[in-house]
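S.K.: Before we start, here is the structure in question, set down as structure tokens.
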Amino acid sequence: MSHRVWLKRALIVFLMVILVAPAVAFAVLWLTLPDVNQLHRRTQTPSTRILDRHGRLLFEIFDPRSLSGGRHTPIPLERIPLRLRQATIAVEDAGFYSNPGVDLVSIIRALWINLRGGEALAGGSTITQQIARLLLLDADERRQRTLLRKVRESLLAWQIAQRYSKDEVLALYLNQVYYGNLAYGVEAAARAYFGKSVSELDLAECALLAGLPQSPAVYDPFHDPELAKRRQAVVLDLMVKNGMISADEALAAKQARLSYAPAPFEIRAPHFVAYVRRWLEREFGADAVVRGGLVVTTTLDLALNEAARDIMRAHLRRLANPVDQPGLSHNANNAALVALDPRTGEILAMVGSPDYFDARISGAVNGAIALRQPGSAIKPITYAAAFAKGMLTAATPIYDVRTAFPTREGLPYVPINYDRRHHGPISARQALATSNNTAAVSVLQRVGIAAMLDQANAMGIRSFKSPDNYGLALTLGGGEVRLLELVAAYGAFANEGRRVDPYAVIAVATADGKTRFNRPSQILERSVVLDPRVAWLISDILSDNAARAPAFGESSVLRLSRPAAVKTGTTTDFRDNWTVGYTPQIVAGVWVGNADGQPMQRISGVAGAGPIWHDFMEIAHRALPVRWFERPPGLVQVEVCALSGMLPTPDCKQTRREWFLEGIQPTQPDDWHRRVHVDALTGQPAAADTPRERLVELVMLDLPTPLRDWARAQGWPVLDLVASDARRASARPDRPITILRPDPGTIYRMAKELPTALQRAPVEVQVDVADVVEVNVALATGEVIARFTRAPYRTFWQLSAGQHTLVARGRLRDGRIVESAPVHITVMP
């Protein structure tokens, strides 16, 4: 056979393979596709059972496509609101009524990605393709991200489009797709989220539901209402884009207030079950949860959880009708509680509201994971960061006097204490225990916002953002956190500085006993996020009943029948109450407020959340032995002068014992108490010519400058009385020129996070004469910091560290000079 004949035959064979092989492959692929006539078939599958730690049933999840039913009520298309159909089409498949069941562009894109060696990514599927994948492909194939799966799905979608009408396909989709929170189909979803039939939904509600199927766990309005609203806005904008509604209708729907009111169904610990359900869907996929017949053993103690719920309900009833104030309601309608084992991170109790099904309080919103301002409950983290950096000890005196802190805006920030009083020099121990605001801001200014946020993040608080988003009010609760996060952060104090990562699931098995997931039973070694000595010191302060007594009393609800560390928090507008505390065995936190953010009426954390925390902790510990916080090595106890925090001298009569990290205990003797000679006649320090018979030796206080004015106002024996009297005499009210700002005695603290150029203080002068032609403000050094030729006499002065005296002078038209009283301020580095 000639070479040419052989080449011709080979070419014919090659062409036949090229032409026939794809046809054969396509035929095989076509013949192995599931039968689209079986689209409506239901299959019986075992339910997924969620159990508490003792095996008690919390909830049973049925496959809505199985004979056993579940939360799934198919309804005809004509009963589904037009707006919901339009919203679904707008967000899922804008070309639904015109395409052949498949999106050719997405198929070509998948082919291109596959040819380049990548995955055939999900996304961009038509409604018909989603139906094919959901009802005709098995679970394993649904999870695949391959070109073959995409092609099979597309072929099935094309067959479905030929076999069924568009309205039939849309009805099937709307009745079968998963909307989250155990709801399949729009009727179940409408009842799950709004407590009414789908036919009663308005445009705003329809748009919210239509946005859920792409990611029900992410857009869950019970978990993150704000994100759900943003998703709703996307759907409404797409409806406008596709000519389904007007821009005005979209705007009205975006502004409409949504009232979530799930219909009751048989479930125990519903907020916790929803939390577990989201975790299962992330780990195994939504399909495995409803069709996999899983047995899920959780960390929850159902009896403890129900006790927490009952305690919460009882206390909220008392707040609504206080016995001591008949007819008064504190307007506190909601609460949440979380309890963890700090040694393991197991969630022992999670109550997101007193009644999951109460629409009046938005009960389905899980307060345990909602973002709220923590008030003073965040302060222990600020102090922990300062202790860890050696910037502070428990004995360090902090100046609780009126203090102005610079801000980025240039205006000073002056914190106010809850009792609206200043307490002078206060130890860090008492400042934290009594929740002193001025002291906490001062500590944050020292340690820095970035360092405090780093400490919070290391301890498990992930909701804080960049330091640029916050000011010094952060330590008073100026940033939002989740109750679950804050409880876990406190768990690090209870767990000797080791991070506590909360978890809800112990084990997952299939119906036939095969293990899908198993968390190690032993207590895991967790990363150390805080010096164990600092963790113990915080616990020692927060459990010091004597230290907090000046603010809370000796017998407050913060005191348990065993050692326990605890901190309260209250936002300035009474929108949020907190109490978070712990023993070595359990850490628990309580939030009280209103889900819609309405302020409560004159109720603090100790009165609002405190009683719930107290009663829960007493019940939770009934069967547990009493344990003290175990003190780690590296701490020393030293007797100190109570006022200065330094080593006591014979002149310091008030002393106490305090704990220190070894190596930073005080070594210098107290120098605040000084023995001086006083003129018995005048009561002032003796002069050189004071007669000997009038000399009296007294112990007086030589205080740092920022404390002197406050101490004098309290009647304390402060040195330099002559200067004080001169200062008071100079402040005559009849002067024609006065410095209005800064206030006399103001203390500014430089903020290390801010550029020096931004750290400025306001200067304002008042002139009460008409013929002034020029006004200047000068320092005692003679440096003029401001000059004016006309009103208003206001400016900003760039701060510099040190003690400064400001004097304003006005030059009158006749050449005379009028001068203000001097104003003394301190700028601390």
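In the structure tokens, chains take the letters A, B, ... in the order shown, each chain's residues start at 1, and ligands count up from 1 in the order shown.
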As a PyMOL selection string, please: all residues of segment 429-536 of chain A that backbone DSSP puts in alpha helix (DSSP H).

M.R.: chain A and resi 429-433+437-447+449-458+483-494+532-536

S.K.: Which residues are near Ile245 of chain A? Cut-off 12 Å, only C-alpha atoms, ignore same chain within fewer than 2 positions. Put them as a list in words.

M.R.: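 These residues fall inside the cut-off: Leu82, Arg83, Leu84, Gln86, Ala87, Ala90, Leu203, Ala204, Ala207, Val235, Leu236, Asp237, Leu238, Met239, Val240, Lys241, Asn242, Gly243, Ala247, Asp248, Glu249, Ala250, Leu251, Ala252 and Ala253 of chain A.
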
S.K.: Output the selection as a CSV table (one decimal), in the first residue's frame - C-alpha atoms for each residue.

M.R.:
```csv
chain,number,residue,atom,x,y,z
A,82,LEU,CA,-46.3,40.2,41.6
A,83,ARG,CA,-43.7,42.3,43.4
A,84,LEU,CA,-42.1,39.3,44.9
A,86,GLN,CA,-40.5,40.6,39.9
A,87,ALA,CA,-38.0,41.1,42.6
A,90,ALA,CA,-34.6,41.1,38.9
A,203,LEU,CA,-42.9,45.8,48.3
A,204,ALA,CA,-40.3,46.3,51.1
A,207,ALA,CA,-37.5,42.8,48.2
A,235,VAL,CA,-32.8,44.2,44.9
A,236,LEU,CA,-34.9,47.4,44.7
A,237,ASP,CA,-32.3,49.1,42.6
A,238,LEU,CA,-32.3,46.2,40.2
A,239,MET,CA,-36.1,46.4,40.0
A,240,VAL,CA,-35.8,50.0,39.0
A,241,LYS,CA,-33.1,49.2,36.4
A,242,ASN,CA,-35.4,46.6,34.8
A,243,GLY,CA,-38.4,48.9,34.7
A,247,ALA,CA,-37.4,55.2,41.7
A,248,ASP,CA,-39.9,56.8,44.2
A,249,GLU,CA,-41.4,53.4,45.0
A,250,ALA,CA,-37.9,52.0,45.6
A,251,LEU,CA,-37.0,54.9,47.9
A,252,ALA,CA,-40.2,54.5,49.9
A,253,ALA,CA,-39.5,50.7,50.3
```

S.K.: Show which residues sit within 9 Å of Pro81 of chain A, as a CSV table (one decimal) with all heavy atoms, in the first residue's frame. Count only C-alpha atoms, and ignore same-chain residues fewer than 6 positions away.

M.R.:
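Result file is result_11.csv:
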```csv
chain,number,residue,atom,x,y,z
A,198,VAL,N,-47.6,34.9,52.5
A,198,VAL,CA,-46.8,35.7,51.5
A,198,VAL,C,-47.7,36.6,50.7
A,198,VAL,O,-47.3,37.7,50.2
A,198,VAL,CB,-46.2,34.6,50.5
A,198,VAL,CG1,-47.2,33.9,49.7
A,198,VAL,CG2,-45.2,35.3,49.6
A,199,SER,N,-49.0,36.3,50.6
A,199,SER,CA,-49.9,37.2,49.9
A,199,SER,C,-50.1,38.5,50.5
A,199,SER,O,-50.6,39.5,49.9
A,199,SER,CB,-51.3,36.5,49.7
A,199,SER,OG,-51.8,36.2,51.0
A,200,GLU,N,-49.7,38.7,51.8
A,200,GLU,CA,-49.9,39.9,52.6
A,200,GLU,C,-48.6,40.8,52.5
A,200,GLU,O,-48.6,41.9,53.1
A,200,GLU,CB,-50.2,39.6,54.0
A,200,GLU,CG,-51.5,38.7,54.2
A,200,GLU,CD,-51.7,38.4,55.6
A,200,GLU,OE1,-52.0,39.2,56.4
A,200,GLU,OE2,-51.5,37.2,56.0
A,201,LEU,N,-47.6,40.4,51.9
A,201,LEU,CA,-46.3,41.1,51.9
A,201,LEU,C,-46.4,42.4,51.0
A,201,LEU,O,-47.0,42.4,50.0
A,201,LEU,CB,-45.2,40.2,51.4
A,201,LEU,CG,-44.8,38.9,52.2
A,201,LEU,CD1,-43.6,38.2,51.6
A,201,LEU,CD2,-44.6,39.2,53.6
A,202,ASP,N,-45.7,43.4,51.5
A,202,ASP,CA,-45.6,44.6,50.7
A,202,ASP,C,-44.3,44.6,49.9
A,202,ASP,O,-43.5,43.7,50.0
A,202,ASP,CB,-45.7,45.9,51.6
A,202,ASP,CG,-44.7,46.0,52.7
A,202,ASP,OD1,-43.6,45.4,52.5
A,202,ASP,OD2,-44.9,46.6,53.7
A,203,LEU,N,-44.0,45.7,49.2
A,203,LEU,CA,-42.9,45.8,48.3
A,203,LEU,C,-41.6,45.6,49.1
A,203,LEU,O,-40.6,44.9,48.8
A,203,LEU,CB,-42.9,47.1,47.5
A,203,LEU,CG,-41.6,47.3,46.7
A,203,LEU,CD1,-41.3,46.2,45.7
A,203,LEU,CD2,-41.7,48.7,46.0
A,206,CYS,N,-41.2,42.0,50.2
A,206,CYS,CA,-40.9,41.2,49.0
A,206,CYS,C,-39.4,41.3,48.6
A,206,CYS,O,-38.7,40.3,48.3
A,206,CYS,CB,-41.8,41.6,47.9
A,206,CYS,SG,-43.5,41.1,48.1
```

S.K.: Measure the distance from atom CA of Val807 of chain A to atom CA of Ala778 of chain A in Å and round it to one decimal.

M.R.: 5.5 Å

S.K.: Just list the residues in segment 213-398 of chain A DSSP gives strand (DSSP E) on the backbone, as a list in words.

M.R.: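 Matching residues for strand (DSSP E) in segment 213-398 of chain A are Val295, Val296, Thr297, Thr298, Asn334, Ala335, Ala336, Leu337, Val338, Ala339, Leu340, Ile347, Leu348, Ala349, Met350, Val351, Leu371, Arg372, Pro397 and Ile398 of chain A.
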
S.K.: Please produce an output containing N, CA, C and O atoms for each residue in the selection, written as a PDB file, in the first residue's frame.

M.R.:
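Saved as out35.pdb:
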```pdb
ATOM      1  N   VAL A 295     -27.051  14.053  63.014  1.00  0.00           N
ATOM      2  CA  VAL A 295     -27.296  14.126  64.450  1.00  0.00           C
ATOM      3  C   VAL A 295     -26.243  15.071  65.010  1.00  0.00           C
ATOM      4  O   VAL A 295     -25.049  14.767  64.984  1.00  0.00           O
ATOM      5  N   VAL A 296     -26.685  16.225  65.498  1.00  0.00           N
ATOM      6  CA  VAL A 296     -25.781  17.295  65.901  1.00  0.00           C
ATOM      7  C   VAL A 296     -25.833  17.450  67.422  1.00  0.00           C
ATOM      8  O   VAL A 296     -26.870  17.812  67.977  1.00  0.00           O
ATOM      9  N   THR A 297     -24.721  17.168  68.082  1.00  0.00           N
ATOM     10  CA  THR A 297     -24.634  17.349  69.533  1.00  0.00           C
ATOM     11  C   THR A 297     -23.983  18.686  69.814  1.00  0.00           C
ATOM     12  O   THR A 297     -22.861  18.940  69.363  1.00  0.00           O
ATOM     13  N   THR A 298     -24.680  19.531  70.528  1.00  0.00           N
ATOM     14  CA  THR A 298     -24.201  20.889  70.773  1.00  0.00           C
ATOM     15  C   THR A 298     -23.681  21.045  72.206  1.00  0.00           C
ATOM     16  O   THR A 298     -23.776  20.138  73.027  1.00  0.00           O
ATOM     17  N   ASN A 334     -36.267  44.309  76.230  1.00  0.00           N
ATOM     18  CA  ASN A 334     -35.531  43.207  75.613  1.00  0.00           C
ATOM     19  C   ASN A 334     -34.255  42.936  76.392  1.00  0.00           C
ATOM     20  O   ASN A 334     -33.767  43.802  77.143  1.00  0.00           O
ATOM     21  N   ALA A 335     -33.707  41.772  76.187  1.00  0.00           N
ATOM     22  CA  ALA A 335     -32.464  41.391  76.865  1.00  0.00           C
ATOM     23  C   ALA A 335     -31.849  40.213  76.132  1.00  0.00           C
ATOM     24  O   ALA A 335     -32.506  39.560  75.315  1.00  0.00           O
ATOM     25  N   ALA A 336     -30.585  39.973  76.413  1.00  0.00           N
ATOM     26  CA  ALA A 336     -29.880  38.814  75.852  1.00  0.00           C
ATOM     27  C   ALA A 336     -28.859  38.339  76.873  1.00  0.00           C
ATOM     28  O   ALA A 336     -28.385  39.130  77.706  1.00  0.00           O
ATOM     29  N   LEU A 337     -28.541  37.065  76.818  1.00  0.00           N
ATOM     30  CA  LEU A 337     -27.563  36.478  77.739  1.00  0.00           C
ATOM     31  C   LEU A 337     -26.727  35.444  77.007  1.00  0.00           C
ATOM     32  O   LEU A 337     -27.248  34.670  76.199  1.00  0.00           O
ATOM     33  N   VAL A 338     -25.442  35.435  77.320  1.00  0.00           N
ATOM     34  CA  VAL A 338     -24.520  34.413  76.813  1.00  0.00           C
ATOM     35  C   VAL A 338     -23.691  33.912  77.977  1.00  0.00           C
ATOM     36  O   VAL A 338     -23.228  34.698  78.809  1.00  0.00           O
ATOM     37  N   ALA A 339     -23.515  32.594  78.058  1.00  0.00           N
ATOM     38  CA  ALA A 339     -22.645  31.995  79.072  1.00  0.00           C
ATOM     39  C   ALA A 339     -21.717  30.994  78.406  1.00  0.00           C
ATOM     40  O   ALA A 339     -22.148  30.207  77.549  1.00  0.00           O
ATOM     41  N   LEU A 340     -20.441  31.053  78.777  1.00  0.00           N
ATOM     42  CA  LEU A 340     -19.418  30.173  78.209  1.00  0.00           C
ATOM     43  C   LEU A 340     -18.665  29.468  79.329  1.00  0.00           C
ATOM     44  O   LEU A 340     -18.584  29.951  80.449  1.00  0.00           O
ATOM     45  N   ILE A 347     -20.327  27.144  74.418  1.00  0.00           N
ATOM     46  CA  ILE A 347     -21.471  28.004  74.705  1.00  0.00           C
ATOM     47  C   ILE A 347     -22.461  27.197  75.529  1.00  0.00           C
ATOM     48  O   ILE A 347     -23.092  26.260  75.027  1.00  0.00           O
ATOM     49  N   LEU A 348     -22.619  27.556  76.791  1.00  0.00           N
ATOM     50  CA  LEU A 348     -23.511  26.838  77.700  1.00  0.00           C
ATOM     51  C   LEU A 348     -24.937  27.374  77.632  1.00  0.00           C
ATOM     52  O   LEU A 348     -25.897  26.632  77.863  1.00  0.00           O
ATOM     53  N   ALA A 349     -25.072  28.653  77.349  1.00  0.00           N
ATOM     54  CA  ALA A 349     -26.397  29.272  77.232  1.00  0.00           C
ATOM     55  C   ALA A 349     -26.316  30.419  76.242  1.00  0.00           C
ATOM     56  O   ALA A 349     -25.320  31.144  76.205  1.00  0.00           O
ATOM     57  N   MET A 350     -27.360  30.566  75.429  1.00  0.00           N
ATOM     58  CA  MET A 350     -27.475  31.695  74.512  1.00  0.00           C
ATOM     59  C   MET A 350     -28.963  32.024  74.377  1.00  0.00           C
ATOM     60  O   MET A 350     -29.715  31.288  73.742  1.00  0.00           O
ATOM     61  N   VAL A 351     -29.361  33.115  74.999  1.00  0.00           N
ATOM     62  CA  VAL A 351     -30.742  33.584  74.900  1.00  0.00           C
ATOM     63  C   VAL A 351     -30.693  34.925  74.184  1.00  0.00           C
ATOM     64  O   VAL A 351     -30.196  35.909  74.731  1.00  0.00           O
ATOM     65  N   LEU A 371     -24.819  44.021  67.138  1.00  0.00           N
ATOM     66  CA  LEU A 371     -23.835  45.042  67.500  1.00  0.00           C
ATOM     67  C   LEU A 371     -24.469  46.092  68.397  1.00  0.00           C
ATOM     68  O   LEU A 371     -25.521  46.650  68.065  1.00  0.00           O
ATOM     69  N   ARG A 372     -23.830  46.343  69.536  1.00  0.00           N
ATOM     70  CA  ARG A 372     -24.311  47.338  70.492  1.00  0.00           C
ATOM     71  C   ARG A 372     -23.117  48.037  71.129  1.00  0.00           C
ATOM     72  O   ARG A 372     -22.021  47.483  71.202  1.00  0.00           O
ATOM     73  N   PRO A 397      -1.757  56.485  90.990  1.00  0.00           N
ATOM     74  CA  PRO A 397      -2.829  57.478  91.128  1.00  0.00           C
ATOM     75  C   PRO A 397      -3.152  58.098  89.765  1.00  0.00           C
ATOM     76  O   PRO A 397      -2.259  58.513  89.024  1.00  0.00           O
ATOM     77  N   ILE A 398      -4.424  58.143  89.454  1.00  0.00           N
ATOM     78  CA  ILE A 398      -4.894  58.762  88.220  1.00  0.00           C
ATOM     79  C   ILE A 398      -5.649  60.019  88.618  1.00  0.00           C
ATOM     80  O   ILE A 398      -6.391  60.031  89.599  1.00  0.00           O
TER      81      ILE A 398
END
```

S.K.: Quick one: everything within 9 Å of Leu182 of chain A, counting only C-alpha atoms, minus sequence neighbours fewer than 5 positions away in the same chain. Send it as a PyMOL selection string.

M.R.: chain A and resi 61-62+70-71+188-189+192+274+277+290
